[in-house]
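*Asks:* Contents of work.csv (CSV, C-alpha atoms):
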chain,number,residue,atom,x,y,z
A,904,MET,CA,-0.4,-17.4,-18.0
A,905,LEU,CA,3.0,-18.6,-19.2
A,906,GLU,CA,4.5,-15.0,-18.9
A,907,SER,CA,3.0,-14.7,-15.4
A,908,TRP,CA,4.5,-18.0,-14.4
A,909,ARG,CA,8.0,-17.0,-15.6
A,910,GLU,CA,7.8,-13.9,-13.5
A,911,PHE,CA,6.3,-15.7,-10.5
A,912,PHE,CA,8.7,-18.6,-10.6
A,913,ARG,CA,11.8,-16.4,-10.9
A,914,ALA,CA,11.1,-14.9,-7.5
A,915,LYS,CA,9.6,-18.0,-5.7
A,916,LYS,CA,11.4,-21.0,-7.2
A,917,ARG,CA,13.0,-22.0,-3.9
A,918,ARG,CA,9.6,-22.4,-2.1
A,919,GLU,CA,8.4,-25.9,-1.5
A,920,ASP,CA,4.8,-25.3,-2.8
A,921,VAL,CA,6.1,-23.6,-5.9
A,922,ALA,CA,8.5,-26.5,-6.6
A,923,ALA,CA,5.6,-29.0,-6.2
A,924,PHE,CA,3.4,-27.0,-8.7
A,925,SER,CA,6.4,-26.9,-11.1
A,926,PHE,CA,6.9,-30.6,-11.0
A,927,ALA,CA,3.7,-31.2,-12.9
A,928,PHE,CA,3.7,-27.8,-14.5
A,929,MET,CA,2.1,-28.6,-17.9
A,930,ASP,CA,-0.8,-30.5,-16.3
A,931,ASN,CA,-1.4,-27.8,-13.7
A,932,ILE,CA,-1.2,-24.9,-16.1
A,933,LEU,CA,-3.5,-26.5,-18.8
A,934,SER,CA,-6.0,-27.5,-16.1
A,935,LEU,CA,-6.0,-24.0,-14.7
A,936,HIS,CA,-6.4,-22.5,-18.2
A,937,HIS,CA,-9.3,-24.8,-19.0
A,938,GLU,CA,-11.1,-23.8,-15.7
A,939,LEU,CA,-10.7,-20.1,-16.5
A,940,VAL,CA,-12.0,-20.5,-20.0
A,941,GLU,CA,-14.9,-22.6,-19.0
A,942,LYS,CA,-15.6,-20.5,-15.9
A,943,THR,CA,-15.4,-23.5,-13.6
A,944,TYR,CA,-12.5,-21.9,-11.7
A,945,LYS,CA,-13.0,-21.6,-8.0
A,946,HIS,CA,-10.6,-19.7,-5.8
A,947,GLY,CA,-9.2,-21.8,-2.9
A,948,GLY,CA,-8.8,-21.0,0.7
A,949,TYR,CA,-5.9,-19.3,2.5
A,950,HIS,CA,-3.1,-20.3,4.9
A,951,THR,CA,-3.0,-17.7,7.7
A,952,PHE,CA,0.0,-16.7,9.7
A,953,LYS,CA,0.9,-13.7,11.9
A,954,ILE,CA,3.7,-11.2,11.6
A,955,ASN,CA,4.8,-8.1,13.7
A,956,ASP,CA,5.8,-5.4,11.2
A,957,PRO,CA,5.6,-3.3,13.3
A,958,LYS,CA,2.2,-4.1,14.7
A,959,PRO,CA,0.6,-7.6,14.7
A,960,ARG,CA,-0.9,-8.4,11.3
A,961,GLU,CA,-2.5,-11.5,9.8
A,962,ILE,CA,-1.1,-12.5,6.4
A,963,HIS,CA,-3.3,-14.7,4.2
A,964,LYS,CA,-1.4,-16.8,1.7
A,965,ALA,CA,-3.3,-18.3,-1.2
A,966,SER,CA,-2.3,-21.5,-3.1
A,967,VAL,CA,0.3,-21.4,-5.9
A,968,ARG,CA,-2.4,-21.8,-8.6
A,969,ASP,CA,-4.4,-18.9,-7.2
A,970,ARG,CA,-1.4,-16.7,-6.8
A,971,LEU,CA,-0.5,-17.4,-10.4
A,972,VAL,CA,-4.0,-16.2,-11.4
A,973,HIS,CA,-3.4,-13.1,-9.2
A,974,HIS,CA,-0.2,-12.4,-11.0
A,975,ALA,CA,-1.8,-12.8,-14.4
A,976,VAL,CA,-4.6,-10.4,-13.4
A,977,PHE,CA,-2.1,-7.9,-12.0
A,978,ARG,CA,0.1,-8.0,-15.2
A,979,ILE,CA,-2.9,-7.1,-17.4
A,980,LEU,CA,-4.9,-4.7,-15.3
A,981,SER,CA,-2.2,-2.8,-13.5
A,982,PRO,CA,-0.9,-0.8,-16.6
A,983,TYR,CA,-4.4,0.2,-17.5
A,984,PHE,CA,-5.3,1.4,-14.0
A,985,GLU,CA,-1.9,3.2,-13.7
A,986,ARG,CA,-3.3,5.7,-16.2
A,987,GLN,CA,-6.3,6.4,-14.0
A,988,PHE,CA,-4.5,7.1,-10.8
A,989,ILE,CA,-3.3,10.5,-9.7
A,990,PHE,CA,0.4,11.2,-9.7
A,991,ASP,CA,0.7,11.5,-5.9
A,992,SER,CA,-0.5,8.0,-5.0
A,993,TYR,CA,2.6,6.1,-4.0
A,994,SER,CA,1.7,2.7,-2.6
A,995,SER,CA,2.4,-0.5,-4.6
A,996,ARG,CA,3.2,1.3,-7.9
A,997,LEU,CA,6.1,1.0,-10.2
A,998,GLY,CA,8.5,3.9,-9.8
A,999,LYS,CA,6.8,5.2,-6.6
A,1000,GLY,CA,7.2,3.9,-3.0
A,1001,THR,CA,8.0,5.3,0.4
A,1002,HIS,CA,11.1,7.3,-0.4
A,1003,LYS,CA,9.4,9.0,-3.3
A,1004,ALA,CA,6.5,9.9,-1.1
A,1005,ILE,CA,8.5,11.4,1.7
A,1006,ASN,CA,10.6,13.4,-0.8
A,1007,ARG,CA,7.4,14.7,-2.3
A,1008,LEU,CA,6.2,15.8,1.1
A,1009,ARG,CA,9.5,17.7,1.6
A,1010,SER,CA,8.9,19.4,-1.7
A,1011,PHE,CA,5.3,20.3,-0.9
A,1012,ILE,CA,6.3,21.7,2.5
A,1013,GLY,CA,9.0,23.8,0.8
A,1014,LYS,CA,6.5,25.2,-1.7
A,1015,VAL,CA,3.7,26.0,0.8
A,1016,SER,CA,6.1,27.5,3.4
A,1017,LYS,CA,7.9,29.6,0.7
A,1018,ASN,CA,11.2,27.9,1.7
A,1019,HIS,CA,10.3,27.9,5.4
A,1020,THR,CA,9.6,31.6,5.6
A,1021,LYS,CA,5.8,31.0,6.1
A,1022,THR,CA,3.9,28.6,8.4
A,1023,ALA,CA,2.9,25.3,6.7
A,1024,TRP,CA,0.3,23.2,8.3
A,1025,ILE,CA,0.0,19.4,7.6
A,1026,LEU,CA,-3.3,17.5,8.0
A,1027,LYS,CA,-2.4,13.8,8.5
A,1028,CYS,CA,-5.0,11.0,8.6
A,1029,ASP,CA,-5.1,7.3,8.2
A,1030,ILE,CA,-8.1,4.9,7.9
A,1031,LYS,CA,-9.3,2.7,10.6
A,1032,LYS,CA,-9.0,-1.1,9.9
A,1033,PHE,CA,-8.3,-0.3,6.2
A,1034,PHE,CA,-8.0,-3.7,4.5
A,1035,ALA,CA,-10.7,-5.3,6.8
A,1036,SER,CA,-13.1,-2.5,5.8
A,1037,ILE,CA,-13.0,-2.7,2.0
A,1038,ASP,CA,-16.6,-3.4,0.9
A,1039,HIS,CA,-16.8,-6.0,-1.8
A,1040,GLY,CA,-20.0,-4.7,-3.4
A,1041,ILE,CA,-18.6,-1.1,-3.7
A,1042,LEU,CA,-15.2,-2.5,-5.0
A,1043,LYS,CA,-17.0,-4.6,-7.7
A,1044,THR,CA,-19.1,-1.6,-8.7
A,1045,ILE,CA,-16.1,0.6,-9.1
A,1046,LEU,CA,-14.3,-2.0,-11.2
A,1047,ALA,CA,-17.4,-2.3,-13.4
A,1048,GLU,CA,-17.2,1.4,-14.1
A,1049,TYR,CA,-13.8,0.9,-15.7
A,1050,ILE,CA,-14.1,-2.7,-17.2
A,1051,CYS,CA,-16.8,-3.7,-19.6
A,1052,ASP,CA,-15.6,-7.3,-20.2
A,1053,LYS,CA,-17.9,-9.6,-18.2
A,1054,ASN,CA,-15.4,-12.4,-18.2
A,1055,ILE,CA,-12.8,-10.2,-16.4
A,1056,LEU,CA,-15.4,-9.0,-14.0
A,1057,TRP,CA,-16.4,-12.6,-13.3
A,1058,LEU,CA,-12.8,-13.5,-12.5
A,1059,LEU,CA,-12.3,-10.5,-10.3
A,1060,ALA,CA,-15.4,-11.4,-8.4
A,1061,GLN,CA,-14.0,-14.9,-7.8
A,1062,ILE,CA,-10.9,-13.3,-6.2
A,1063,ILE,CA,-12.7,-10.7,-4.2
A,1064,ASP,CA,-15.2,-13.1,-2.8
A,1065,SER,CA,-12.6,-15.7,-1.8
A,1066,PHE,CA,-12.0,-13.8,1.4
A,1067,HIS,CA,-13.9,-11.9,4.0
A,1068,THR,CA,-13.5,-10.9,7.6
A,1069,LYS,CA,-15.0,-13.0,10.4
A,1070,GLU,CA,-16.8,-10.0,11.8
A,1071,LYS,CA,-18.5,-8.9,8.6
A,1072,PRO,CA,-19.1,-11.0,5.5
A,1073,GLY,CA,-18.8,-9.1,2.3
A,1074,THR,CA,-15.9,-7.0,3.5
A,1075,GLY,CA,-12.1,-7.2,3.7
A,1076,LEU,CA,-9.2,-8.0,1.4
A,1077,PRO,CA,-6.4,-10.4,2.4
A,1078,LEU,CA,-3.0,-9.0,3.2
A,1079,GLY,CA,-0.7,-11.0,1.0
A,1080,ASN,CA,-2.6,-11.1,-2.3
A,1081,LEU,CA,-0.9,-9.2,-5.1
A,1082,THR,CA,-4.3,-8.3,-6.4
A,1083,SER,CA,-5.2,-6.7,-3.0
A,1084,GLN,CA,-2.5,-4.1,-3.7
A,1085,LEU,CA,-4.2,-3.2,-7.0
A,1086,PHE,CA,-7.7,-3.3,-5.6
A,1087,VAL,CA,-7.0,-0.9,-2.7
A,1088,ASN,CA,-5.5,1.6,-5.1
A,1089,VAL,CA,-8.6,1.3,-7.3
A,1090,TYR,CA,-10.9,1.7,-4.3
A,1091,MET,CA,-9.0,4.7,-2.9
A,1092,ASN,CA,-8.6,6.3,-6.3
A,1093,ILE,CA,-12.2,7.5,-5.7
A,1094,PHE,CA,-11.1,9.4,-2.7
A,1095,ASP,CA,-7.9,10.6,-4.4
A,1096,GLN,CA,-10.1,12.2,-7.1
A,1097,PHE,CA,-12.4,13.7,-4.5
A,1098,ALA,CA,-9.4,15.2,-2.7
A,1099,LYS,CA,-7.9,16.7,-5.9
A,1100,ARG,CA,-11.1,17.8,-7.7
A,1101,LYS,CA,-13.7,18.6,-4.9
A,1102,LEU,CA,-11.5,19.6,-2.0
A,1103,ARG,CA,-9.0,21.1,-4.5
A,1104,ALA,CA,-6.2,19.9,-2.2
A,1105,ARG,CA,-3.3,20.7,-4.4
A,1106,HIS,CA,-0.6,19.4,-2.0
A,1107,TYR,CA,-2.1,16.0,-1.3
A,1108,ILE,CA,-0.1,12.7,-0.9
A,1109,ARG,CA,-1.5,9.2,-0.2
A,1110,PHE,CA,0.4,6.0,0.6
A,1111,ALA,CA,-2.1,3.1,1.1
A,1112,ASP,CA,-4.3,4.3,4.0
A,1113,ASP,CA,-2.0,7.1,5.1
A,1114,PHE,CA,-2.6,10.5,3.5
A,1115,VAL,CA,-1.4,14.1,4.2
A,1116,ILE,CA,-2.5,17.5,2.9
A,1117,VAL,CA,-0.2,20.5,3.2
A,1118,HIS,CA,-1.8,24.0,3.4
A,1119,ARG,CA,-0.9,27.4,4.7
A,1120,ASN,CA,-4.3,27.9,6.3
A,1121,LYS,CA,-5.1,25.8,9.4
A,1122,LYS,CA,-8.8,26.6,9.3
A,1123,HIS,CA,-9.0,25.3,5.8
A,1124,LEU,CA,-7.6,22.0,6.9
A,1125,GLU,CA,-10.0,21.8,9.9
A,1126,ASN,CA,-12.9,22.2,7.4
A,1127,PHE,CA,-11.5,19.4,5.3
A,1128,ILE,CA,-11.8,16.9,8.2
A,1129,THR,CA,-15.6,16.8,8.3
A,1130,LYS,CA,-15.8,16.6,4.5
A,1131,ILE,CA,-13.3,13.8,4.3
A,1132,SER,CA,-15.1,11.8,7.0
A,1133,GLU,CA,-18.4,12.2,5.3
A,1134,PHE,CA,-17.1,11.2,1.9
A,1135,LEU,CA,-15.2,8.2,3.2
A,1136,GLY,CA,-18.3,7.0,5.1
A,1137,ASN,CA,-20.9,7.7,2.5
A,1138,ARG,CA,-19.1,6.6,-0.6
A,1139,LEU,CA,-16.6,4.0,0.6
A,1140,LYS,CA,-17.8,2.8,4.0
A,1141,LEU,CA,-14.5,3.8,5.5
A,1142,SER,CA,-13.7,6.0,8.4
A,1143,PRO,CA,-10.6,7.9,9.5
A,1144,HIS,CA,-8.9,6.5,12.6
A,1145,PRO,CA,-10.1,8.9,15.4
A,1146,ASN,CA,-6.7,8.8,17.2
A,1147,LYS,CA,-4.7,9.4,14.1
A,1148,VAL,CA,-6.1,12.6,12.7
A,1149,SER,CA,-3.8,15.6,13.4
A,1150,ILE,CA,-3.0,19.0,12.1
A,1151,ARG,CA,0.6,20.1,13.0
A,1152,THR,CA,3.2,22.5,11.7
A,1153,ILE,CA,6.4,21.1,10.3
A,1154,THR,CA,8.4,22.7,13.0
A,1155,SER,CA,6.7,20.5,15.6
A,1156,GLY,CA,7.5,17.4,13.6
A,1157,VAL,CA,5.2,15.4,11.4
A,1158,ASP,CA,5.2,11.6,11.6
A,1159,PHE,CA,4.7,10.1,8.2
A,1160,LEU,CA,5.7,6.7,6.7
A,1161,GLY,CA,8.2,5.8,9.5
A,1162,TRP,CA,10.0,9.2,9.6
A,1163,VAL,CA,9.4,12.3,11.7
A,1164,HIS,CA,9.8,15.3,9.3
A,1165,PHE,CA,11.1,18.7,10.4
A,1166,PRO,CA,11.8,21.8,8.2
A,1167,LYS,CA,15.4,20.9,7.1
A,1168,TYR,CA,15.8,17.3,8.2
A,1169,ARG,CA,14.0,14.1,9.1
A,1170,VAL,CA,14.7,11.3,11.6
A,1171,LEU,CA,13.5,7.8,12.0
A,1172,ARG,CA,10.5,7.2,14.2
A,1173,THR,CA,11.5,5.8,17.6
A,1174,SER,CA,9.5,2.6,17.1
A,1175,THR,CA,11.3,2.1,13.8
A,1176,LYS,CA,14.7,2.4,15.4
A,1177,ARG,CA,13.8,-0.1,18.1
A,1178,ARG,CA,12.5,-2.5,15.6
A,1179,ILE,CA,15.7,-2.3,13.5
A,1180,PHE,CA,18.0,-3.1,16.5
A,1181,LYS,CA,15.7,-5.8,17.7
A,1182,ARG,CA,15.9,-7.5,14.3
A,1183,LEU,CA,19.7,-7.0,14.2
A,1184,LYS,CA,20.0,-8.9,17.5
A,1185,LYS,CA,18.3,-11.9,15.9
A,1186,ASN,CA,19.9,-11.7,12.5
A,1187,ARG,CA,23.2,-9.9,12.0
A,1188,ASN,CA,24.1,-11.0,8.5
A,1189,ASN,CA,25.6,-8.5,6.2
A,1190,ALA,CA,22.6,-8.3,3.8
A,1191,SER,CA,20.3,-7.2,6.7
A,1192,VAL,CA,22.8,-4.5,7.8
A,1193,GLN,CA,23.2,-3.2,4.3
A,1194,SER,CA,19.4,-3.1,3.9
A,1195,TYR,CA,19.0,-1.0,7.0
A,1196,LEU,CA,21.9,1.3,6.2
A,1197,GLY,CA,20.2,1.9,2.8
A,1198,LEU,CA,17.0,2.8,4.5
A,1199,MET,CA,18.8,5.2,6.9
A,1200,ARG,CA,20.5,7.1,4.1
A,1201,HIS,CA,17.2,8.7,3.3
A,1202,GLY,CA,17.3,10.8,6.5
A,1203,ASN,CA,19.5,12.4,9.1
A,1204,THR,CA,20.9,9.2,10.7
A,1205,TYR,CA,24.7,9.5,10.9
A,1206,LYS,CA,24.9,8.4,14.5
A,1207,LEU,CA,22.3,5.6,14.0
A,1208,ARG,CA,24.3,4.3,11.0
A,1209,LYS,CA,27.4,4.2,13.1
A,1210,LYS,CA,25.6,2.3,15.8
A,1211,THR,CA,24.2,-0.1,13.3
A,1212,GLN,CA,27.7,-0.9,11.9
A,1213,ILE,CA,29.1,-1.3,15.5
A,1214,THR,CA,26.2,-3.6,16.4
A,1215,ASN,CA,27.0,-5.8,13.5
A,1216,SER,CA,30.8,-6.0,14.2
Please go through the file and, once you have read it, give me the structure as C-alpha cells.

*Replies:*
Amino acid sequence: MLESWREFFRAKKRREDVAAFSFAFMDNILSLHHELVEKTYKHGGYHTFKINDPKPREIHKASVRDRLVHHAVFRILSPYFERQFIFDSYSSRLGKGTHKAINRLRSFIGKVSKNHTKTAWILKCDIKKFFASIDHGILKTILAEYICDKNILWLLAQIIDSFHTKEKPGTGLPLGNLTSQLFVNVYMNIFDQFAKRKLRARHYIRFADDFVIVHRNKKHLENFITKISEFLGNRLKLSPHPNKVSIRTITSGVDFLGWVHFPKYRVLRTSTKRRIFKRLKKNRNNASVQSYLGLMRHGNTYKLRKKTQITNS
C-alpha cells in the first residue's frame, strides 16, 4: 500500500482530493489496510463527467482511497498477467502503445505482401460498446482460472461490482479505473488466444477493442468474420460493431488507431487533424504544440507540422 501511494502521489499530488487524503495520511492508510485485512472494505461510488476524445465518453472517477486500492492491485497483478498475454496486444501495457502497434502493422503488411509485390488484405474490426458490454460474471470466472487466492478474488469482485451500466446490471467497467485497463486485457486475452490458436491468424494485432488481421487471401478473412462473431458472442457476450467491420487492401488505405495506412506511408485521420487544430485554438501553449508535433513525427505529416507551428506563432 505504501509503495502504491508513493507512485500514486507522485503523479497526483497537486489534486485537491489527493491533498486532503494526504493531510491525514497515516489514519487513512491504516484504516484502509484494516478494512482490507478484515474484509470490511466496500468500494465507494463514482464521480461522473463527460469528455470528447474524439467522441463523447463518460469518465467515472473513484475516490482517492479506492484509486489507491486499484493502484495496489494493478502493481501486483499486472506483471503476472503480462506473462499470459500474447505479444501483439498493445493497449495499456508497458513498452507497447499506439506507435508500436502501427509499426507492427506496417511490418506485417510488408511480410504478407512480400514487400508490396503481392496483394495484402486487412480485416479490421472493433467491438460494439466495448467497456459497457464486459460481463461481470464472465470476467470473474476468467480471473478465477488464473488466481487461486480467495482473498484476491474477493477484492477483485469488490472492484468489479462497484460499477455497472444503467441499461444492464452486471455488465460494464468504468472508463477511468486503472484496474479496468487490466481487466479488459484479461477479458480479451481469451479472444487473442482464439485468434492465434484456433483461427491461426499469424498476423493479428489488437489494441483495446480494435483489432486487425493481415492475410493474402481475402476469402480466408471473410470466413473469419462469422467465426469471430460467434466466438465473441458465445464466449464473451460481445459483438463486432456492424458498421466497423471491413476488408480492404493496403493500397486503398486502412484506418487504424488514428492513422490511415498506405503501402509506403501513413497520414493522420481527417477527424484527428480537425481535433488537433480545434484544441490548439483553445490552448496554444508550447507543451501542447510539442506534444502534437511528437505525434505527427510517426507519419507523413510535413505540411501538417508546418501548419501546426504557424498556428502556434

*Asks:* Out of A:Arg968, A:Lys1099, A:Lys1014, A:Arg1119, which residue has the shortest atom-to-atom distance to Ser992 of chain A when counting all atoms listed in the file?

*Replies:* A:Lys1099

*Asks:* Need to verify the contact set: segment 1001-1012 of chain A, 7 Å, all atoms listed in the file, exclusion of same-chain residues closer than 4 positions in sequence. Can you return it as a short mmCIF file (atom, residue, chain, number, x, y, z; two decimals) with C-alpha atoms, keeping the file's coordinate frame?

*Replies:*
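Now in around26.cif:
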data_model
loop_
_atom_site.label_atom_id
_atom_site.label_comp_id
_atom_site.auth_asym_id
_atom_site.auth_seq_id
_atom_site.Cartn_x
_atom_site.Cartn_y
_atom_site.Cartn_z
CA TYR A 993 2.60 6.10 -4.00
CA SER A 1016 6.10 27.50 3.40
CA ALA A 1023 2.90 25.30 6.70
CA HIS A 1106 -0.60 19.40 -2.00
CA VAL A 1117 -0.20 20.50 3.20
CA LEU A 1160 5.70 6.70 6.70
#

*Asks:* Determine, counting only C-alpha atoms, which protein, DNA and RNA residues have an atom within 12 Å of an atom of Asp1064 of chain A; residues of the same chain fewer than 5 positions away are not included. Present the result as a ChimeraX atom specification.

*Replies:* /A:945-948,1037-1040,1042-1043,1056-1059,1072-1077,1083

*Asks:* Quick one: everything within 8 Å of Ile1025 of chain A, counting all atoms listed in the file, minus sequence neighbours fewer than 4 positions away in the same chain. Send it as a list in words.

*Replies:* Val1115, Ile1116, Val1117, His1118, Ser1149, Ile1150, Arg1151, Thr1152, Ile1153 and Val1157 of chain A

*Asks:* Tell me which protein, DNA and RNA residues are within 10 Å of Gln1084 of chain A, counting only C-alpha atoms, leaving out same-chain ones fewer than 2 positions away, and put them as a count of residues only.

*Replies:* 18

*Asks:* Take atom CA of Arg1169 of chain A and atom CA of Lys958 of chain A and report the distance between them in Å, one decimal.

*Replies:*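 So the answer is 22.4 Å.
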
*Asks:* Rank nothing, just name the residue among A:Tyr944, A:Phe1094, A:Ile1055, A:His1164 nearest to Ile979 of chain A, using all atoms listed in the file.

*Replies:*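 With all atoms listed in the file as the atom set, the closest residue is A:Ile1055.
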
*Asks:* Report, in Å to a single decimal, how far apart atom CA of Leu971 of chain A and atom CA of Asp1112 of chain A are.

*Replies:* 26.3 Å

*Asks:* From the list A:Leu1124, A:Val967, A:Leu933, A:Met904, which residue is nearest Glu919 of chain A when using only C-alpha atoms?

*Replies:*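 Under the stated criterion, the closest residue is A:Val967.
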
*Asks:* In Å, with one decimal, what is the gap from atom CA of Glu961 of chain A to atom CA of Trp908 of chain A?

*Replies:*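 Separation of atom CA of Glu961 of chain A and atom CA of Trp908 of chain A: 26.0 Å.
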
*Asks:* Considering only C-alpha atoms, can you say which of A:His973, A:Lys1101, A:Lys915, A:His937 comes closest to Gln1061 of chain A?

*Replies:* A:His973

*Asks:* Which is closest to Asn1092 of chain A among A:Leu1046, A:Val1015, A:Ala965, A:Ala923, if we use only C-alpha atoms?

*Replies:*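 Selected residue with least distance to Asn1092 of chain A: A:Leu1046.
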
*Asks:* Considering only C-alpha atoms, can you say which of A:Tyr983, A:Phe1110, A:Phe1127, A:Trp1162 comes closest to Gly1000 of chain A?

*Replies:*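 Result for the nearest residue to Gly1000 of chain A: A:Phe1110.
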
*Asks:* Rebuild segment 1143-1159 of chain A so that it carries N, CA, C and O atoms, then output the result as a tab-separated table (two decimals), keeping the file's coordinate frame.

*Replies:*
chain	number	residue	atom	x	y	z
A	1143	PRO	N	-11.89	7.60	9.02
A	1143	PRO	CA	-10.60	7.90	9.50
A	1143	PRO	C	-10.39	7.41	10.95
A	1143	PRO	O	-11.35	7.37	11.73
A	1144	HIS	N	-9.16	6.99	11.26
A	1144	HIS	CA	-8.90	6.50	12.60
A	1144	HIS	C	-8.97	7.73	13.56
A	1144	HIS	O	-8.24	8.71	13.39
A	1145	PRO	N	-9.86	7.69	14.58
A	1145	PRO	CA	-10.10	8.90	15.40
A	1145	PRO	C	-8.83	9.34	16.18
A	1145	PRO	O	-8.71	10.53	16.50
A	1146	ASN	N	-7.91	8.41	16.46
A	1146	ASN	CA	-6.70	8.80	17.20
A	1146	ASN	C	-5.53	9.16	16.30
A	1146	ASN	O	-4.44	9.44	16.79
A	1147	LYS	N	-5.77	9.12	14.99
A	1147	LYS	CA	-4.70	9.40	14.10
A	1147	LYS	C	-4.98	10.46	13.06
A	1147	LYS	O	-4.51	10.43	11.92
A	1148	VAL	N	-5.80	11.40	13.48
A	1148	VAL	CA	-6.10	12.60	12.70
A	1148	VAL	C	-5.43	13.77	13.41
A	1148	VAL	O	-5.71	14.00	14.58
A	1149	SER	N	-4.52	14.46	12.73
A	1149	SER	CA	-3.80	15.60	13.40
A	1149	SER	C	-3.53	16.69	12.40
A	1149	SER	O	-3.42	16.44	11.20
A	1150	ILE	N	-3.43	17.89	12.93
A	1150	ILE	CA	-3.00	19.00	12.10
A	1150	ILE	C	-1.80	19.65	12.91
A	1150	ILE	O	-1.95	20.10	14.04
A	1151	ARG	N	-0.63	19.64	12.29
A	1151	ARG	CA	0.60	20.10	13.00
A	1151	ARG	C	1.39	20.98	11.99
A	1151	ARG	O	1.23	20.87	10.77
A	1152	THR	N	2.26	21.79	12.57
A	1152	THR	CA	3.20	22.50	11.70
A	1152	THR	C	4.45	21.62	11.56
A	1152	THR	O	4.74	20.75	12.40
A	1153	ILE	N	5.18	21.86	10.52
A	1153	ILE	CA	6.40	21.10	10.30
A	1153	ILE	C	7.44	21.30	11.34
A	1153	ILE	O	8.25	20.41	11.63
A	1154	THR	N	7.43	22.46	11.95
A	1154	THR	CA	8.40	22.70	13.00
A	1154	THR	C	8.22	21.88	14.23
A	1154	THR	O	9.16	21.62	14.99
A	1155	SER	N	6.99	21.41	14.46
A	1155	SER	CA	6.70	20.50	15.60
A	1155	SER	C	6.97	19.07	15.29
A	1155	SER	O	6.88	18.22	16.17
A	1156	GLY	N	7.25	18.78	14.03
A	1156	GLY	CA	7.50	17.40	13.60
A	1156	GLY	C	6.29	16.67	13.17
A	1156	GLY	O	5.30	16.60	13.90
A	1157	VAL	N	6.32	16.12	11.96
A	1157	VAL	CA	5.20	15.40	11.40
A	1157	VAL	C	5.61	13.95	11.13
A	1157	VAL	O	6.56	13.69	10.38
A	1158	ASP	N	4.93	13.01	11.76
A	1158	ASP	CA	5.20	11.60	11.60
A	1158	ASP	C	4.50	11.04	10.40
A	1158	ASP	O	3.26	11.00	10.37
A	1159	PHE	N	5.27	10.62	9.39
A	1159	PHE	CA	4.70	10.10	8.20
A	1159	PHE	C	5.56	9.06	7.54
A	1159	PHE	O	6.74	9.30	7.28
